[in-house]
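First up is the structure itself, then whatever we jot down about it.
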Amino acid sequence: MKKLCVLLLAILSSTCIYATPLMNSEEATKYLEETLTLPAFYISNNGLYTQNNSLPYYDFELSNEAISIKLEQSGRILEYVNDKNFAQGYGSILSKDQCQELAIAFLDIFAKDYKNNLRQTAYQVNSENNSYTFYFKEYYNGVAILNDDLYITISALTGEVIAFQGINTYLGAYLQRGVLTSSSSATKQYLDESKLGLYYEIEPNNRIAKLKFGLYDLGEPDVIISEEVDKVKGESDSVPQEVGLRYGYKESLDFAKRYIELAYGFKNILLLESKTFYQDKQYHFTFLRTENGIPVINNYVTISISASTGVTQDYNANWASNIIFENINYLDVDTLANLYLQVANFGLYYVDLTSNKRVLAYTVINKHIIIDPKTNQIINQ
């Protein structure tokens, strides 16, 4: 407990937060030792490392202790891990509120520039090691940072930090530009470009295909409506530059469709773009089955076409027979789409656009939402 009080006192009284200019290795080592009042830190790996959207950082370890720290040159801790074996099976000494105070005190030093931009979202009780974990979401100018969350775990026995995962992004990474696209225009564009809609899923050991509403191709890159570009997609580079190929992508696609129809009689197919690629001088295509114009996500055809000869090299069909497809009449697709966007938290966020910049963009937080279109109930979140 004495060690806890000393650490808390050091945290609350420290005035040295960031060094200017950025710290070299000797300055960073001294900074950690003085601020944490823990001696004998050393750099476990020589040199600096850089993550996306962060300044260079050092990897530190504490001699004779199981503590490792990633310290940004600015003095901001990106990650803190204490692998010491904490006692188990004893009653907690510190309350949740006391542990939360210690967590905030830690942030006051090592995430000072971000403290006003953090909002606590949840906490978790960890019975296995008598600790509390506190979760925070980062905001910038009132806009949430997508996929950039912070958590800190405090031992209720000793008050020590067991684990801390900070925010990689430094403030200079945000592009401060106005939003050119309106919310209504972005919503329409998202609905037009995403694979969002009704789809069938055949239940295992059943002959019934259930209707569902959501993204039928979760392998597709996220649709992002940005002020920087109309659409940011992780476009695959697996489709080659069609130089020197006898048959290109479009021709090979036509060959594939023609073969599927002539050999097996399947006309009701829809290309699954996320599983289309070029490898070993062949184009590989996956087509979903469709019924009533609606894709069936677990019925499909795969086929490979040689780019040299145009001949089918491989073919496989997972196509169930004697299936009862649920009726699609009287379904309000617009209502389902609006419900999806609401539950998936469609809105304006800061997102990664390049390796060192984040921009304002419209997208969803959770694309795994599934809705029962007959009851408008959420099946999966």
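Going by the structure tokens order, chains are called A, B, ..., each with residues numbered from 1, while ligands are numbered from 1 in the order shown.
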
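Excluding Leu253 (chain A) itself and any same-chain residue fewer than 4 positions from it, the protein and nucleic acid residues within 12 Å of it, counting only C-alpha atoms, are A:Tyr247, A:Gly248, A:Tyr249, A:Lys257, A:Arg258, A:Tyr259, A:Ile260, A:Leu270, A:Leu271, A:Leu272, A:Glu273, A:Thr276, A:Phe277, A:Tyr278, A:Gln282, A:Tyr283, A:His284, A:Phe285, A:Thr286, A:Phe287, A:Thr302, A:Ile303, A:Ser304, A:Ile305, A:Ser306, A:Ala307, A:Gly310, A:Val311, A:Thr312.
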
Write out the residues from the selection above, keeping C-alpha atoms, as an mmCIF file, in the first residue's frame.
data_model
loop_
_atom_site.group_PDB
_atom_site.id
_atom_site.type_symbol
_atom_site.label_atom_id
_atom_site.label_comp_id
_atom_site.auth_asym_id
_atom_site.auth_seq_id
_atom_site.Cartn_x
_atom_site.Cartn_y
_atom_site.Cartn_z
ATOM 1 C CA TYR A 247 -7.981 -13.529 -72.083
ATOM 2 C CA GLY A 248 -8.618 -10.741 -69.608
ATOM 3 C CA TYR A 249 -10.960 -10.424 -66.654
ATOM 4 C CA LYS A 257 -20.966 -17.646 -66.729
ATOM 5 C CA ARG A 258 -21.445 -19.434 -70.047
ATOM 6 C CA TYR A 259 -19.915 -22.660 -68.734
ATOM 7 C CA ILE A 260 -22.089 -22.611 -65.596
ATOM 8 C CA LEU A 270 -24.440 -13.272 -58.604
ATOM 9 C CA LEU A 271 -20.671 -12.609 -58.667
ATOM 10 C CA LEU A 272 -19.124 -12.415 -55.177
ATOM 11 C CA GLU A 273 -16.442 -9.799 -55.788
ATOM 12 C CA THR A 276 -12.699 -13.122 -57.083
ATOM 13 C CA PHE A 277 -8.943 -13.143 -57.702
ATOM 14 C CA TYR A 278 -6.146 -13.990 -60.153
ATOM 15 C CA GLN A 282 -6.060 -18.327 -63.750
ATOM 16 C CA TYR A 283 -9.057 -16.221 -62.833
ATOM 17 C CA HIS A 284 -10.943 -17.641 -59.845
ATOM 18 C CA PHE A 285 -14.610 -16.684 -59.481
ATOM 19 C CA THR A 286 -17.250 -17.334 -56.824
ATOM 20 C CA PHE A 287 -20.938 -16.856 -57.640
ATOM 21 C CA THR A 302 -16.689 -21.659 -57.676
ATOM 22 C CA ILE A 303 -14.926 -21.840 -61.039
ATOM 23 C CA SER A 304 -11.419 -21.194 -62.390
ATOM 24 C CA ILE A 305 -10.701 -20.045 -65.954
ATOM 25 C CA SER A 306 -7.283 -20.151 -67.637
ATOM 26 C CA ALA A 307 -6.202 -16.700 -68.825
ATOM 27 C CA GLY A 310 -10.095 -19.634 -71.680
ATOM 28 C CA VAL A 311 -10.743 -23.246 -70.639
ATOM 29 C CA THR A 312 -12.380 -24.177 -67.327
#

### Surrounding residues of region 322-334 of chain A excluding itself and chain neighbours under 4 positions, 9 Å, only C-alpha atoms, as a list in words
Gly197, Leu198, Tyr200, Ile202, Asn206, Arg207, Ile208, Ala209, Lys210, Leu211, Phe213, Glu291, Asn292, Asn338, Leu339, Pro373 and Lys374 of chain A

Only C-alpha atoms, please: the residues just picked out, written as a PDB file, in the first residue's frame.
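Writing the result to out_7.pdb gives the following:
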ATOM      1  CA  GLY A 197     -30.098  -5.926 -48.523  1.00  0.00           C
ATOM      2  CA  LEU A 198     -32.227  -9.022 -48.213  1.00  0.00           C
ATOM      3  CA  TYR A 200     -31.491 -16.060 -47.908  1.00  0.00           C
ATOM      4  CA  ILE A 202     -30.497 -22.152 -45.777  1.00  0.00           C
ATOM      5  CA  ASN A 206     -33.475 -28.054 -42.815  1.00  0.00           C
ATOM      6  CA  ARG A 207     -35.061 -27.510 -46.201  1.00  0.00           C
ATOM      7  CA  ILE A 208     -36.093 -23.940 -45.446  1.00  0.00           C
ATOM      8  CA  ALA A 209     -34.232 -20.831 -46.612  1.00  0.00           C
ATOM      9  CA  LYS A 210     -34.782 -18.048 -44.074  1.00  0.00           C
ATOM     10  CA  LEU A 211     -34.917 -14.419 -45.134  1.00  0.00           C
ATOM     11  CA  PHE A 213     -31.416  -8.440 -43.899  1.00  0.00           C
ATOM     12  CA  GLU A 291     -33.711 -16.841 -55.761  1.00  0.00           C
ATOM     13  CA  ASN A 292     -36.364 -14.183 -56.394  1.00  0.00           C
ATOM     14  CA  ASN A 338     -32.903   2.679 -41.919  1.00  0.00           C
ATOM     15  CA  LEU A 339     -33.050   0.291 -38.956  1.00  0.00           C
ATOM     16  CA  PRO A 373     -37.167  -8.771 -41.980  1.00  0.00           C
ATOM     17  CA  LYS A 374     -40.512 -10.233 -40.901  1.00  0.00           C
TER      18      LYS A 374
END

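Counting from CA of Lys267 (chain A), the distance to CA of Leu288 (chain A) is 10.9 Å.
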
### region 152-156 of chain A surroundings by only C-alpha atoms, 12 Å radius, close-in-sequence under 4 positions cut, as number ranges by chain
A: 1, 4, 77-82, 84-107, 110-111, 120, 122-136, 160-167

### Task
Would you mind telling me which residue in A:Asn168, A:Tyr140, A:Ile109, A:Glu201 lies nearest to Glu72 (chain A) when using only C-alpha atoms?
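Closest residue, counting only C-alpha atoms: A:Asn168.
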
### Given only C-alpha atoms as the counted atoms, nearest of A:Ala263, A:Leu36, A:Ile269, A:Met23 to Tyr57 (chain A)
A:Met23

### Task
Please provide as JSON, numbers by chain all residues within 8 Å of Leu146 (chain A), with the sequence filter that same-chain residues fewer than 6 positions apart are discarded (counting only C-alpha atoms).
{"A": [349, 350, 351, 365]}

Write to file, as a compact mmCIF listing (two decimals), in the first residue's frame, the residues of the selection just made, with N, CA and C atoms.
# COMPACT_ATOMS: atom_id res chain seq x y z
N TYR A 349 -17.18 9.84 -38.61
CA TYR A 349 -16.08 9.42 -37.75
C TYR A 349 -14.75 9.85 -38.38
N TYR A 350 -13.70 9.83 -37.56
CA TYR A 350 -12.35 9.92 -38.10
C TYR A 350 -11.87 8.50 -38.40
N VAL A 351 -11.41 8.28 -39.62
CA VAL A 351 -10.98 6.94 -40.03
C VAL A 351 -9.59 7.02 -40.65
N ILE A 365 -20.07 1.55 -37.56
CA ILE A 365 -19.18 0.97 -36.56
C ILE A 365 -19.24 -0.55 -36.59

### Query
Out of A:Asp59, A:Asp222, A:Glu251, A:Glu203, which residue has the shortest atom-to-atom distance to Thr363 (chain A) when counting only C-alpha atoms?
A:Asp222

### Message
As an exercise, work out the distance from CA of Ile224 (chain A) to CA of Asn268 (chain A) in Å and give it to one decimal place.
### Response
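Pair CA of Ile224 (chain A) / CA of Asn268 (chain A) returns 29.6 Å.
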
#### Entry: Closest of A:Arg358, A:Arg76, A:Lys275, A:Lys137 to Lys112 (chain A) - atom-to-atom distances counting only C-alpha atoms
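Closest candidate: A:Arg76.
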
### Task
Determine which residues of region 112-216 of chain A receive a DSSP assignment of alpha helix (DSSP H), computed from the backbone, and state them as a list in words.
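Residues of region 112-216 of chain A classed as alpha helix (DSSP H): Lys112, Asp113, Tyr114, Lys115, Ser183, Ser184, Ser185, Ala186, Thr187, Lys188, Gln189, Tyr190, Leu191, Asp192 and Glu193 of chain A.
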
Keeping only C-alpha atoms, take the residues you just selected and write them out as an mmCIF file, in the first residue's frame.
data_model
loop_
_atom_site.group_PDB
_atom_site.id
_atom_site.type_symbol
_atom_site.label_atom_id
_atom_site.label_comp_id
_atom_site.auth_asym_id
_atom_site.auth_seq_id
_atom_site.Cartn_x
_atom_site.Cartn_y
_atom_site.Cartn_z
ATOM 1 C CA LYS A 112 -2.696 14.220 -20.981
ATOM 2 C CA ASP A 113 -3.287 15.586 -24.465
ATOM 3 C CA TYR A 114 -6.107 13.085 -24.909
ATOM 4 C CA LYS A 115 -7.762 13.151 -21.503
ATOM 5 C CA SER A 183 -25.437 13.248 -44.084
ATOM 6 C CA SER A 184 -28.344 12.483 -46.420
ATOM 7 C CA SER A 185 -26.076 12.249 -49.483
ATOM 8 C CA ALA A 186 -23.627 10.031 -47.601
ATOM 9 C CA THR A 187 -26.475 7.766 -46.477
ATOM 10 C CA LYS A 188 -27.727 7.338 -50.032
ATOM 11 C CA GLN A 189 -24.216 6.680 -51.324
ATOM 12 C CA TYR A 190 -23.582 4.079 -48.619
ATOM 13 C CA LEU A 191 -26.811 2.242 -49.444
ATOM 14 C CA ASP A 192 -25.974 2.331 -53.174
ATOM 15 C CA GLU A 193 -22.418 1.033 -52.770
#

### Task
Select from region 94-332 of chain A everything DSSP, run on the backbone, classes as strand (DSSP E), then give the selection as a ChimeraX atom specification.
/A:118-126,131-140,143-155,161-165,196-202,208-215,225-226,269-271,277-279,282-291,294-306,312-318,324-325

### Task
Could you please determine the separation between CA of Glu138 (chain A) and CA of Leu360 (chain A) in Å, to one decimal place?
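Separation of CA of Glu138 (chain A) and CA of Leu360 (chain A): 14.1 Å.
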